[in-house]
Structure formats: structure tokens, C-alpha cells
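Visitor: My structure is in protein-v3.csv, and what it holds is CSV, C-alpha atoms:
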```csv
chain,number,residue,atom,x,y,z
A,615,MET,CA,3.9,-39.7,-18.1
A,616,LYS,CA,4.4,-38.7,-14.5
A,617,HIS,CA,3.7,-35.1,-15.5
A,618,PHE,CA,0.5,-36.1,-17.3
A,619,LEU,CA,-0.7,-38.1,-14.3
A,620,ARG,CA,0.0,-35.2,-11.9
A,621,MET,CA,-1.9,-32.8,-14.1
A,622,PHE,CA,-4.8,-35.3,-14.4
A,623,VAL,CA,-4.9,-35.7,-10.6
A,624,GLN,CA,-4.9,-31.9,-10.1
A,625,VAL,CA,-7.7,-31.5,-12.6
A,626,CYS,CA,-9.8,-34.2,-10.9
A,627,LEU,CA,-9.1,-32.6,-7.5
A,628,TYR,CA,-10.1,-29.2,-8.8
A,629,PHE,CA,-13.5,-30.4,-10.1
A,630,TYR,CA,-14.0,-32.6,-7.0
A,631,CYS,CA,-13.4,-29.7,-4.6
A,632,LYS,CA,-15.5,-27.3,-6.7
A,633,CYS,CA,-18.5,-29.7,-6.8
A,634,LEU,CA,-18.0,-30.6,-3.1
A,635,TRP,CA,-17.9,-26.9,-2.2
A,636,ARG,CA,-21.1,-26.2,-4.0
A,637,CYS,CA,-22.7,-29.2,-2.3
A,638,LEU,CA,-21.6,-27.9,1.1
A,639,LYS,CA,-23.0,-24.4,0.3
A,640,PHE,CA,-26.3,-26.0,-0.7
A,641,VAL,CA,-26.5,-28.0,2.5
A,642,ALA,CA,-25.5,-25.0,4.6
A,643,ARG,CA,-28.3,-22.9,3.0
A,644,LYS,CA,-30.9,-25.6,3.7
A,645,LEU,CA,-29.8,-26.0,7.3
A,646,THR,CA,-29.5,-22.3,8.1
A,647,GLY,CA,-32.0,-20.8,5.8
A,648,ARG,CA,-29.4,-18.3,4.7
A,649,CYS,CA,-27.3,-17.9,1.6
A,650,GLU,CA,-23.5,-17.6,1.8
A,651,LEU,CA,-23.6,-13.8,1.6
A,652,GLN,CA,-25.9,-13.7,4.6
A,653,ARG,CA,-23.8,-16.2,6.6
A,654,ILE,CA,-20.7,-14.1,6.0
A,655,CYS,CA,-22.3,-10.8,6.9
A,656,TYR,CA,-24.0,-12.1,10.0
A,657,ASN,CA,-21.1,-14.3,11.3
A,658,THR,CA,-18.0,-12.2,10.4
A,659,LYS,CA,-17.0,-8.9,12.0
A,660,PRO,CA,-16.8,-5.9,9.7
A,661,GLY,CA,-13.5,-5.0,8.1
A,662,ALA,CA,-11.1,-7.0,6.0
A,663,SER,CA,-12.3,-10.4,7.3
A,664,ARG,CA,-15.8,-9.8,6.1
A,665,THR,CA,-15.0,-7.8,2.9
A,666,MET,CA,-12.5,-10.3,1.6
A,667,LYS,CA,-14.8,-13.2,2.2
A,668,ILE,CA,-17.6,-11.3,0.4
A,669,GLU,CA,-15.3,-10.5,-2.5
A,670,SER,CA,-14.2,-14.2,-2.7
A,671,SER,CA,-17.8,-15.4,-2.7
A,672,LEU,CA,-18.9,-12.9,-5.4
A,673,ARG,CA,-16.0,-13.7,-7.7
A,674,GLY,CA,-16.4,-17.4,-7.2
A,675,SER,CA,-20.1,-17.4,-7.8
A,676,LYS,CA,-21.6,-19.1,-10.9
A,677,SER,CA,-24.0,-16.1,-11.2
A,678,LYS,CA,-22.9,-13.5,-13.7
A,679,LEU,CA,-24.6,-10.8,-11.7
A,680,LEU,CA,-22.6,-11.6,-8.6
A,681,GLN,CA,-19.3,-12.0,-10.6
A,682,THR,CA,-19.7,-8.6,-12.2
A,683,SER,CA,-20.8,-6.8,-9.0
A,684,VAL,CA,-17.2,-6.4,-7.9
A,685,SER,CA,-16.5,-4.1,-10.9
A,686,VAL,CA,-19.6,-2.0,-11.1
A,687,HIS,CA,-19.5,1.8,-11.1
A,688,PRO,CA,-19.9,3.2,-7.5
A,689,ASP,CA,-23.1,4.9,-8.5
A,690,ALA,CA,-24.6,1.5,-9.5
A,691,ILE,CA,-23.8,-0.2,-6.2
A,692,GLU,CA,-27.2,0.4,-4.6
A,693,LYS,CA,-29.1,-1.0,-7.6
A,694,THR,CA,-26.6,-3.9,-7.7
A,695,ILE,CA,-27.5,-4.7,-4.0
A,696,ASP,CA,-31.2,-4.7,-4.9
A,697,ASP,CA,-30.6,-7.0,-7.8
A,698,ILE,CA,-28.6,-9.4,-5.5
A,699,MET,CA,-31.3,-9.4,-2.9
A,700,ASP,CA,-33.9,-10.2,-5.6
A,701,LEU,CA,-31.7,-13.0,-7.0
A,702,LYS,CA,-31.2,-14.5,-3.6
A,703,LYS,CA,-34.9,-14.0,-2.7
A,704,ILE,CA,-34.0,-12.0,0.4
A,705,ASN,CA,-36.6,-9.7,1.8
A,706,PRO,CA,-34.9,-6.4,2.6
A,707,ASP,CA,-37.6,-5.5,5.1
A,708,ILE,CA,-36.8,-8.7,7.1
A,709,ASN,CA,-33.0,-8.4,6.5
A,710,PRO,CA,-32.3,-4.6,6.5
A,711,GLN,CA,-28.8,-5.0,7.9
A,712,LEU,CA,-27.7,-7.3,5.1
A,713,GLY,CA,-28.1,-4.5,2.5
A,714,VAL,CA,-26.1,-2.1,4.6
A,715,SER,CA,-23.3,-4.6,5.1
A,716,LEU,CA,-23.2,-5.6,1.4
A,717,GLN,CA,-23.1,-2.0,0.4
A,718,ALA,CA,-20.2,-1.3,2.7
A,719,CYS,CA,-18.3,-4.3,1.4
A,720,LEU,CA,-18.9,-3.4,-2.3
A,721,LEU,CA,-17.9,0.2,-1.7
A,722,GLN,CA,-14.6,-1.1,-0.4
A,723,ILE,CA,-14.1,-3.7,-3.2
A,724,VAL,CA,-15.0,-1.3,-6.0
A,725,GLY,CA,-13.1,1.5,-4.3
A,726,TYR,CA,-9.9,-0.6,-4.1
A,727,ARG,CA,-10.2,-1.4,-7.8
A,728,ASN,CA,-10.7,2.3,-8.7
A,729,LEU,CA,-7.9,3.4,-6.4
A,730,THR,CA,-5.5,0.9,-8.2
A,731,ALA,CA,-6.5,2.4,-11.5
A,732,GLU,CA,-6.0,6.0,-10.2
A,733,VAL,CA,-2.6,5.1,-8.8
A,734,GLU,CA,-1.6,3.4,-12.0
A,735,LYS,CA,-2.6,6.5,-14.0
A,736,LEU,CA,-0.3,8.7,-11.9
A,737,ARG,CA,2.5,6.2,-12.1
A,738,ARG,CA,2.2,6.3,-15.9
A,739,GLU,CA,2.1,10.0,-16.2
A,740,PRO,CA,5.7,11.3,-16.7
A,741,TYR,CA,7.0,14.4,-15.0
A,742,ASP,CA,6.9,17.3,-17.5
A,743,SER,CA,9.0,20.3,-16.7
A,744,GLU,CA,6.9,22.3,-19.2
A,745,ASN,CA,3.8,21.7,-17.1
A,746,PRO,CA,3.3,24.5,-14.6
A,747,GLN,CA,1.4,22.3,-12.2
A,748,HIS,CA,4.3,19.8,-12.1
A,749,GLU,CA,6.9,22.5,-11.6
A,750,GLU,CA,4.8,24.1,-8.8
A,751,MET,CA,4.6,20.8,-6.9
A,752,LEU,CA,8.3,20.2,-7.2
A,753,LEU,CA,9.2,23.7,-5.9
A,754,LYS,CA,6.7,23.3,-3.1
A,755,LEU,CA,8.5,20.1,-2.1
A,756,TRP,CA,11.7,22.0,-1.8
A,757,LYS,CA,10.1,24.8,0.3
A,758,CYS,CA,8.6,22.2,2.7
A,759,LEU,CA,11.8,20.3,3.2
A,760,LYS,CA,14.2,23.3,3.1
A,761,PRO,CA,12.1,26.3,4.3
A,762,ASP,CA,15.2,28.3,5.3
A,763,SER,CA,17.2,27.7,2.2
A,764,PRO,CA,15.9,29.4,-1.0
A,765,LEU,CA,16.5,27.4,-4.2
A,766,GLU,CA,19.0,29.4,-6.2
A,767,ALA,CA,17.9,28.0,-9.6
A,768,ARG,CA,15.5,25.4,-11.0
A,769,ILE,CA,18.5,23.4,-12.3
A,770,SER,CA,20.8,23.2,-9.3
A,771,LYS,CA,23.0,20.9,-7.3
A,772,GLN,CA,21.0,21.9,-4.3
A,773,TRP,CA,18.4,19.2,-5.2
A,774,CYS,CA,21.0,16.7,-3.9
A,775,GLU,CA,20.4,18.2,-0.4
A,776,ILE,CA,17.0,16.5,-0.3
A,777,GLY,CA,18.2,13.3,-1.9
A,778,PHE,CA,17.8,13.7,-5.6
A,779,GLN,CA,20.6,12.3,-7.7
A,780,GLY,CA,21.4,15.2,-9.9
A,781,ASP,CA,20.7,18.9,-10.6
A,782,ASP,CA,17.3,18.2,-12.2
A,783,PRO,CA,14.9,16.0,-10.2
A,784,LYS,CA,12.7,15.2,-13.2
A,785,THR,CA,15.1,12.4,-14.3
A,786,ASP,CA,14.5,10.7,-11.0
A,787,PHE,CA,10.8,10.4,-11.5
A,788,ARG,CA,11.0,8.2,-14.5
A,789,GLY,CA,10.3,5.0,-12.7
A,790,MET,CA,7.3,6.1,-10.7
A,791,GLY,CA,6.1,9.1,-12.8
A,792,LEU,CA,4.1,11.7,-11.0
A,793,LEU,CA,3.1,9.2,-8.3
A,794,GLY,CA,6.6,9.6,-6.7
A,795,LEU,CA,6.3,13.4,-6.6
A,796,TYR,CA,2.7,13.2,-5.2
A,797,ASN,CA,3.8,10.9,-2.4
A,798,LEU,CA,6.9,12.9,-1.5
A,799,LEU,CA,4.9,16.2,-1.4
A,800,TYR,CA,2.1,14.6,0.7
A,801,PHE,CA,4.7,13.3,3.2
A,802,ALA,CA,6.4,16.7,3.4
A,803,GLU,CA,3.2,18.7,3.7
A,804,ARG,CA,1.0,16.4,5.9
A,805,ASP,CA,3.7,14.7,8.1
A,806,THR,CA,6.2,17.6,8.0
A,807,ALA,CA,7.9,17.0,11.4
A,808,ILE,CA,8.6,13.3,10.6
A,809,ALA,CA,9.6,14.1,7.1
A,810,LEU,CA,12.1,16.7,8.2
A,811,GLN,CA,13.4,14.3,10.9
A,812,VAL,CA,13.9,11.5,8.4
A,813,LEU,CA,15.6,13.9,6.0
A,814,SER,CA,17.9,15.2,8.8
A,815,ASP,CA,18.8,11.7,9.9
A,816,SER,CA,19.5,10.5,6.4
A,817,LEU,CA,22.2,13.2,6.2
A,818,GLN,CA,23.8,12.6,9.6
A,819,PRO,CA,27.2,11.0,9.7
A,820,LYS,CA,27.4,7.5,11.0
A,821,TYR,CA,30.0,7.1,13.7
A,822,ARG,CA,32.4,4.2,13.2
A,823,GLU,CA,34.1,2.5,16.2
A,824,VAL,CA,37.8,2.5,16.3
A,825,THR,CA,39.4,-0.9,15.8
A,826,LYS,CA,43.1,-2.0,16.2
A,827,LYS,CA,43.2,-2.6,12.5
A,828,ASP,CA,41.9,0.9,11.8
A,829,LEU,CA,44.5,2.4,14.1
A,830,SER,CA,47.3,0.5,12.4
A,831,GLN,CA,46.1,1.6,8.9
A,832,PHE,CA,45.5,5.3,9.5
A,833,SER,CA,47.1,8.1,11.4
A,834,LYS,CA,45.1,9.9,14.0
A,835,ALA,CA,44.3,12.8,11.7
A,836,GLU,CA,43.2,10.4,8.9
A,837,TRP,CA,41.0,8.5,11.3
A,838,GLU,CA,39.3,11.7,12.5
A,839,ARG,CA,38.4,12.4,8.8
A,840,LYS,CA,37.2,8.8,8.2
A,841,LYS,CA,35.3,7.9,11.3
A,842,PHE,CA,32.4,10.0,10.2
A,843,ASP,CA,32.5,9.3,6.5
A,844,LYS,CA,29.3,7.3,6.3
A,845,ALA,CA,25.8,8.7,6.5
A,846,ILE,CA,23.0,6.9,8.4
A,847,GLY,CA,22.3,7.3,5.4
A,848,TYR,CA,20.6,7.4,2.1
A,849,SER,CA,19.2,9.8,-0.4
A,850,PHE,CA,15.8,10.9,1.0
A,851,ALA,CA,14.0,11.6,-2.3
A,852,ILE,CA,15.4,8.5,-4.1
A,853,VAL,CA,14.3,6.3,-1.2
A,854,GLY,CA,10.9,8.0,-1.2
A,855,ILE,CA,10.5,7.1,-4.8
A,856,ASN,CA,11.6,3.6,-4.1
A,857,ILE,CA,9.2,3.2,-1.2
A,858,THR,CA,6.5,4.5,-3.6
A,859,ASP,CA,7.3,1.6,-5.8
A,860,LEU,CA,7.0,-0.8,-2.8
A,861,ALA,CA,3.6,0.7,-1.8
A,862,TYR,CA,2.5,0.5,-5.5
A,863,ASN,CA,3.4,-3.2,-5.7
A,864,LEU,CA,1.6,-3.9,-2.4
A,865,LEU,CA,-1.5,-2.2,-3.9
A,866,VAL,CA,-1.6,-3.9,-7.3
A,867,SER,CA,-0.8,-7.3,-5.8
A,868,GLY,CA,-3.8,-7.0,-3.5
A,869,ALA,CA,-1.7,-7.2,-0.3
A,870,LEU,CA,-3.0,-3.8,0.9
A,871,LYS,CA,-6.6,-5.0,0.8
A,872,THR,CA,-6.2,-6.1,4.4
A,873,HIS,CA,-5.1,-2.7,5.5
A,874,PHE,CA,-7.5,-0.6,3.4
A,875,TYR,CA,-10.6,-2.7,4.2
A,876,ASN,CA,-9.8,-2.2,7.9
A,877,VAL,CA,-9.1,1.6,7.8
A,878,ALA,CA,-11.5,2.8,5.1
A,879,PRO,CA,-15.2,2.6,6.1
A,880,GLU,CA,-16.2,3.0,2.5
A,881,ALA,CA,-14.1,3.4,-0.7
A,882,PRO,CA,-10.3,3.7,-0.1
A,883,THR,CA,-9.0,6.9,-1.7
A,884,LEU,CA,-5.7,8.3,-2.9
A,885,ALA,CA,-5.3,9.9,0.5
A,886,HIS,CA,-5.4,6.5,2.2
A,887,PHE,CA,-2.7,5.3,-0.2
A,888,GLN,CA,-0.6,8.4,0.6
A,889,GLN,CA,-1.1,8.0,4.3
A,890,THR,CA,0.2,4.4,3.9
A,891,PHE,CA,3.2,5.7,2.0
A,892,CYS,CA,4.0,8.1,4.9
A,893,TYR,CA,3.7,5.1,7.3
A,894,LEU,CA,6.0,3.0,5.2
A,895,MET,CA,8.6,5.8,4.9
A,896,HIS,CA,8.7,6.3,8.6
A,897,GLU,CA,8.8,2.5,9.3
A,898,PHE,CA,11.5,1.9,6.7
A,899,HIS,CA,13.6,4.6,8.2
A,900,LYS,CA,13.5,3.0,11.6
A,901,PHE,CA,14.1,-0.4,10.0
A,902,TRP,CA,17.1,0.9,8.2
A,903,ILE,CA,18.6,2.2,11.4
A,904,GLU,CA,17.9,-1.0,13.2
A,905,GLU,CA,19.5,-3.1,10.4
A,906,ASP,CA,22.6,-0.8,10.5
A,907,PRO,CA,23.9,-1.7,7.1
A,908,PRO,CA,27.5,-0.8,6.4
A,909,ASP,CA,26.7,1.3,3.3
A,910,ILE,CA,24.0,2.1,0.8
A,911,MET,CA,25.0,-0.9,-1.3
A,912,GLU,CA,23.0,-2.9,1.2
A,913,PHE,CA,19.8,-1.0,0.3
A,914,ASN,CA,18.2,-3.7,-1.9
A,915,ARG,CA,18.7,-6.4,0.7
A,916,VAL,CA,17.3,-4.2,3.5
A,917,ARG,CA,14.4,-3.1,1.3
A,918,GLU,CA,13.5,-6.7,0.5
A,919,LYS,CA,13.6,-7.7,4.1
A,920,PHE,CA,11.4,-4.8,5.0
A,921,HIS,CA,9.0,-5.8,2.2
A,922,LYS,CA,8.7,-9.3,3.5
A,923,GLN,CA,8.0,-8.0,7.0
A,924,ILE,CA,5.2,-5.8,5.8
A,925,LEU,CA,3.7,-8.7,3.7
A,926,LYS,CA,3.8,-10.9,6.8
A,927,GLN,CA,1.9,-8.2,8.8
A,928,LEU,CA,-0.7,-7.9,6.1
A,929,GLN,CA,-1.5,-11.6,6.3
A,930,ASN,CA,-3.3,-10.8,9.6
A,931,PRO,CA,-6.9,-10.0,8.6
A,932,ASP,CA,-7.1,-7.5,11.5
A,933,MET,CA,-4.0,-5.6,10.4
A,934,ALA,CA,-4.1,-1.8,10.0
A,935,LEU,CA,-0.6,-0.6,9.1
A,936,CYS,CA,-1.3,2.9,10.4
A,937,PRO,CA,-4.1,2.5,13.0
A,938,HIS,CA,-4.3,6.2,13.7
A,939,PHE,CA,-6.0,6.5,10.3
A,940,ALA,CA,-8.5,3.7,11.1
A,941,ALA,CA,-12.2,4.4,11.1
A,942,SER,CA,-13.1,1.8,13.7
A,943,GLU,CA,-16.1,3.6,14.9
A,944,SER,CA,-17.5,3.8,11.4
A,945,LEU,CA,-17.0,0.1,10.9
A,946,ILE,CA,-18.9,-1.1,13.9
A,947,ASN,CA,-22.4,-0.8,12.5
A,948,MET,CA,-21.8,-2.0,9.0
```
Represent the supplied structure as C-alpha cells.
Guide:
Amino acid sequence: MKHFLRMFVQVCLYFYCKCLWRCLKFVARKLTGRCELQRICYNTKPGASRTMKIESSLRGSKSKLLQTSVSVHPDAIEKTIDDIMDLKKINPDINPQLGVSLQACLLQIVGYRNLTAEVEKLRREPYDSENPQHEEMLLKLWKCLKPDSPLEARISKQWCEIGFQGDDPKTDFRGMGLLGLYNLLYFAERDTAIALQVLSDSLQPKYREVTKKDLSQFSKAEWERKKFDKAIGYSFAIVGINITDLAYNLLVSGALKTHFYNVAPEAPTLAHFQQTFCYLMHEFHKFWIEEDPPDIMEFNRVREKFHKQILKQLQNPDMALCPHFAASESLINM
């Protein structure tokens, strides 16, 4: 009975709030002479704050045109804007900036949706060792990360030197498909200095302080062997694939909208996603060192803590994870 009453109250509150919200919108329009889309565009600065409000308004509209506008083809955006202006009885000659602002927002909204589909397609495509393009990308990854060490054979234990688990990396791409390889190669090619530093750090021994207990358990010679027995330290490639999974989940959950709507003046692209991956790899590496886990068995705990930290940052509507990619100048006049 209590459960039924609770459900009944929730349903009543839902319809009450929905009706109240529509009434408030009606009153606001009568008082200001502007529809909700106009009020958002004129009163909210460009970027995530504006685009997310526009997206929410369009999705929550009772108009089918507005609801479907967030999923139109990019080529149909201009016509969609014209249709919205007609529906809202807005004169584009009197309100020229509104069309520009709405177009910028829709490009971001539709672009995010298309980017998610593109990333999902890459994730679902398995690595195929019979595909020359896949093999070329993998070998290029090796050359970027180990420029002075020729790969002796395609199937080789050398792959472990850059953090793969076995002698054939294709088995490690099963979880993230080609997306993992795309991201690792992008990191190695576009952010080479940092990628090489992260790889080098991940292989460095981690010094362990001598304790009285250690001295009592080991001879001096044994201690010398053991005090450097832990890496900083993780498998570079495997962690890269894992951080790809983290970035993917941030994308499909919508958490990255804050970031992309602030850094992409129009439609976010795969390059924006890969730049974000590079940022996450670098930040996770620093986070791992700061956390100073005793061994790799702590990886999931550290990763989850890092994930929560990123999510918290993305709750800030002004957040740009990698501000050096931000197109702030382009956003000013939208």
C-alpha cells in the first residue's frame, strides 16, 4: 500500500510540475515577448551552458519538430532552423543572431550524437590481422613508441615492451576493438613526447624504502634485488585500452557534452575525442603516481577514483578538460 501511495504521489508531482512548467513558460513569453529558445540564446553565454539548455528545451518540447531537431542530418540543420523560426513566429530579419546561435547549438548537439555513433562503430570493429590497414597501424604504433628498436617479428614478445600482454597485440583489442588502436596511435603520433615519457615512466622501477622488518627478513644482497622490484608501473598499452574504455563511457553517458560543447565551436569530431583521450592518459598517469599504489592489483580502485574525479569536473558547465584545444574565440560570437 505504501509503495502504491508513493508511486501515486510521484505521478501527481510529475504532472503537476509538467503543467506548472508549461504555465511558467507561457507567462514568461507573455512578459518578455520571447520564446524559451530566445531567452536561452540571449541570456546564456555560448558553450555548454547554452547548448545543454537548448538541447533540454528541444527534447522536452511538445512540438514534434523541436523534438526531432536534435537528430536531424547535419545538412538539414539550416532548414530545421528556418522551420523552428516559422513555428515560433520569429522574424529572422529582426532576430538575425538567434538563427546563428541556434545553428551553432544544433551543430554541436547533432555532432555529439554522430560522434557517439562513429566511436561505437570503431569499438565494435574487431582487429583483423588479415587487414593490411589494421596491421599497418599496429606496426606504426611500434615505430612511434620504439623508434630505435626494430620489431624482429610480427608475433613477438617485444610487444610486451610497450605494454601488451602477450606476443600478439590483437588479442588485447578485443574489448575496445579498433578504437583502442586508433587512440593509442593518435597519442603516440600527435603527443609523442608525452607518450614516450609515460611509457618510460611506466617501466621505471619503484624504489621501496628500507624498514626494520625488511632488514630482518632479507640479507643485504636480497634487499638490493628486491628494493627495485616494482614498476611505477603498469602496462602502457593495456592501460591505454582501459582509458579508452573510460573515455568511451564518458561519451555515451553524455558526461563529455560539457567538455565538447565548450571546446568544439561546431560539431565535435573524432579528433576531439582522441585529444580528450590523450588528456585522460596524461592525467591518469599523474594521478597514478600521486596515488602511489603498492602494486598493479590496485588499478581498478585507482581507475574508479580517477573516473569519479573526472565526472566531478565535468559537472561544471564551464569545464574544458583540455583547454589548449578550446576554440574560445570561435564561441564568442555564436
Visitor: Measuring between all atoms listed in the file, which one of A:Pro882, A:Pro907, A:Gly847, A:Gly661 shows the shortest distance to Leu716 of chain A?
Guide: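 So, comparing all the options, the nearest one is A:Gly661.
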Visitor: So, counting only C-alpha atoms, which residue among A:Leu865, A:Leu928, A:Leu792, A:Ile691 is closest to Glu739 of chain A?
Guide: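 Residue with the minimum atom-to-atom distance to Glu739 of chain A: A:Leu792.
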Visitor: May I have the residues within 9 Å of segment 741-745 of chain A as number ranges by chain, using only C-alpha atoms and disregarding those fewer than 4 positions away in the same chain?
Guide: A: 749-750, 784-785, 787-788, 791-792, 795
Visitor: Could you state the separation of atom CA of Leu894 of chain A and atom CA of Leu799 of chain A in Å, given to one decimal place?
Guide: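 Separation between atom CA of Leu894 of chain A and atom CA of Leu799 of chain A: 14.8 Å.
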Visitor: Which of these, A:Leu810, A:Glu905, A:Gln779, A:Ile910, has the shortest distance to Ile855 of chain A once you count only C-alpha atoms?
Guide: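 Counting only C-alpha atoms, the residue closest to Ile855 of chain A is A:Gln779.
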Visitor: Which residues are close to Trp756 of chain A, i.e. within 9 Å by all atoms listed in the file, leaving aside same-chain residues fewer than 3 positions away? Reply as a short mmCIF file (atom, residue, chain, number, x, y, z; two decimals) with C-alpha atoms, in the frame of the given file.
Guide:
```cif
data_model
loop_
_atom_site.label_atom_id
_atom_site.label_comp_id
_atom_site.auth_asym_id
_atom_site.auth_seq_id
_atom_site.Cartn_x
_atom_site.Cartn_y
_atom_site.Cartn_z
CA MET A 751 4.60 20.80 -6.90
CA LEU A 752 8.30 20.20 -7.20
CA LEU A 753 9.20 23.70 -5.90
CA LEU A 759 11.80 20.30 3.20
CA LYS A 760 14.20 23.30 3.10
CA PRO A 761 12.10 26.30 4.30
CA SER A 763 17.20 27.70 2.20
CA PRO A 764 15.90 29.40 -1.00
CA LEU A 765 16.50 27.40 -4.20
CA TRP A 773 18.40 19.20 -5.20
CA ILE A 776 17.00 16.50 -0.30
CA LEU A 799 4.90 16.20 -1.40
#
```
Visitor: Please return as a PyMOL selection string every residue within 7 Å of (8.2, -0.3, 0.2), taking into account only C-alpha atoms and the file's own coordinates.
Guide: chain A and resi 856-861+894+917+921
Visitor: Rounded to one decimal, what separation in Å do you get between atom CA of Ile698 of chain A and atom CA of Leu680 of chain A?
Guide: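 According to the coordinates, atom CA of Ile698 of chain A and atom CA of Leu680 of chain A are separated by 7.1 Å.
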Visitor: Quick one: everything within 12 Å of Gln681 of chain A, counting only C-alpha atoms, minus sequence neighbours fewer than 4 positions away in the same chain. Send it as a list in words.
Guide: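 The filter keeps Ile668, Glu669, Ser670, Ser671, Leu672, Arg673, Gly674, Ser675, Lys676, Ser677, Ser685, Val686, Thr694, Ile698 and Leu720 of chain A.
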Visitor: Suppose you want the space between atom CA of Leu870 of chain A and atom CA of Phe898 of chain A; what is it in Å?
Guide: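 That distance, rounded to one decimal, is 16.6 Å.
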Visitor: Take segment 699-715 of chain A, model N, CA and C atoms, and hand the result over as a compact mmCIF listing (two decimals), in the coordinates of the input.
Guide:
```txt
# COMPACT_ATOMS: atom_id res chain seq x y z
N MET A 699 -30.26 -8.98 -3.87
CA MET A 699 -31.30 -9.40 -2.90
C MET A 699 -32.46 -10.09 -3.64
N ASP A 700 -32.80 -9.57 -4.82
CA ASP A 700 -33.90 -10.20 -5.60
C ASP A 700 -33.43 -11.60 -6.07
N LEU A 701 -32.19 -11.68 -6.55
CA LEU A 701 -31.70 -13.00 -7.00
C LEU A 701 -31.66 -14.02 -5.94
N LYS A 702 -31.28 -13.59 -4.74
CA LYS A 702 -31.20 -14.50 -3.60
C LYS A 702 -32.50 -14.68 -2.86
N LYS A 703 -33.53 -13.96 -3.37
CA LYS A 703 -34.90 -14.00 -2.70
C LYS A 703 -34.81 -13.65 -1.26
N ILE A 704 -34.12 -12.55 -0.99
CA ILE A 704 -34.00 -12.00 0.40
C ILE A 704 -34.88 -10.83 0.54
N ASN A 705 -35.72 -10.84 1.53
CA ASN A 705 -36.60 -9.70 1.80
C ASN A 705 -35.86 -8.63 2.55
N PRO A 706 -35.67 -7.45 1.93
CA PRO A 706 -34.90 -6.40 2.60
C PRO A 706 -35.58 -5.84 3.85
N ASP A 707 -36.89 -6.00 3.94
CA ASP A 707 -37.60 -5.50 5.10
C ASP A 707 -37.29 -6.43 6.35
N ILE A 708 -37.10 -7.71 6.07
CA ILE A 708 -36.80 -8.70 7.10
C ILE A 708 -35.29 -8.68 7.43
N ASN A 709 -34.48 -8.38 6.40
CA ASN A 709 -33.00 -8.40 6.50
C ASN A 709 -32.43 -7.03 6.17
N PRO A 710 -32.79 -5.96 6.87
CA PRO A 710 -32.30 -4.60 6.50
C PRO A 710 -30.80 -4.45 6.65
N GLN A 711 -30.22 -5.13 7.65
CA GLN A 711 -28.80 -5.00 7.90
C GLN A 711 -27.94 -5.59 6.79
N LEU A 712 -28.48 -6.60 6.12
CA LEU A 712 -27.70 -7.30 5.10
C LEU A 712 -27.39 -6.29 3.93
N GLY A 713 -28.37 -5.50 3.53
CA GLY A 713 -28.10 -4.50 2.50
C GLY A 713 -27.07 -3.52 2.84
N VAL A 714 -27.11 -3.07 4.09
CA VAL A 714 -26.10 -2.10 4.60
C VAL A 714 -24.72 -2.71 4.57
N SER A 715 -24.63 -3.95 5.04
CA SER A 715 -23.30 -4.60 5.10
C SER A 715 -22.77 -4.90 3.71
```
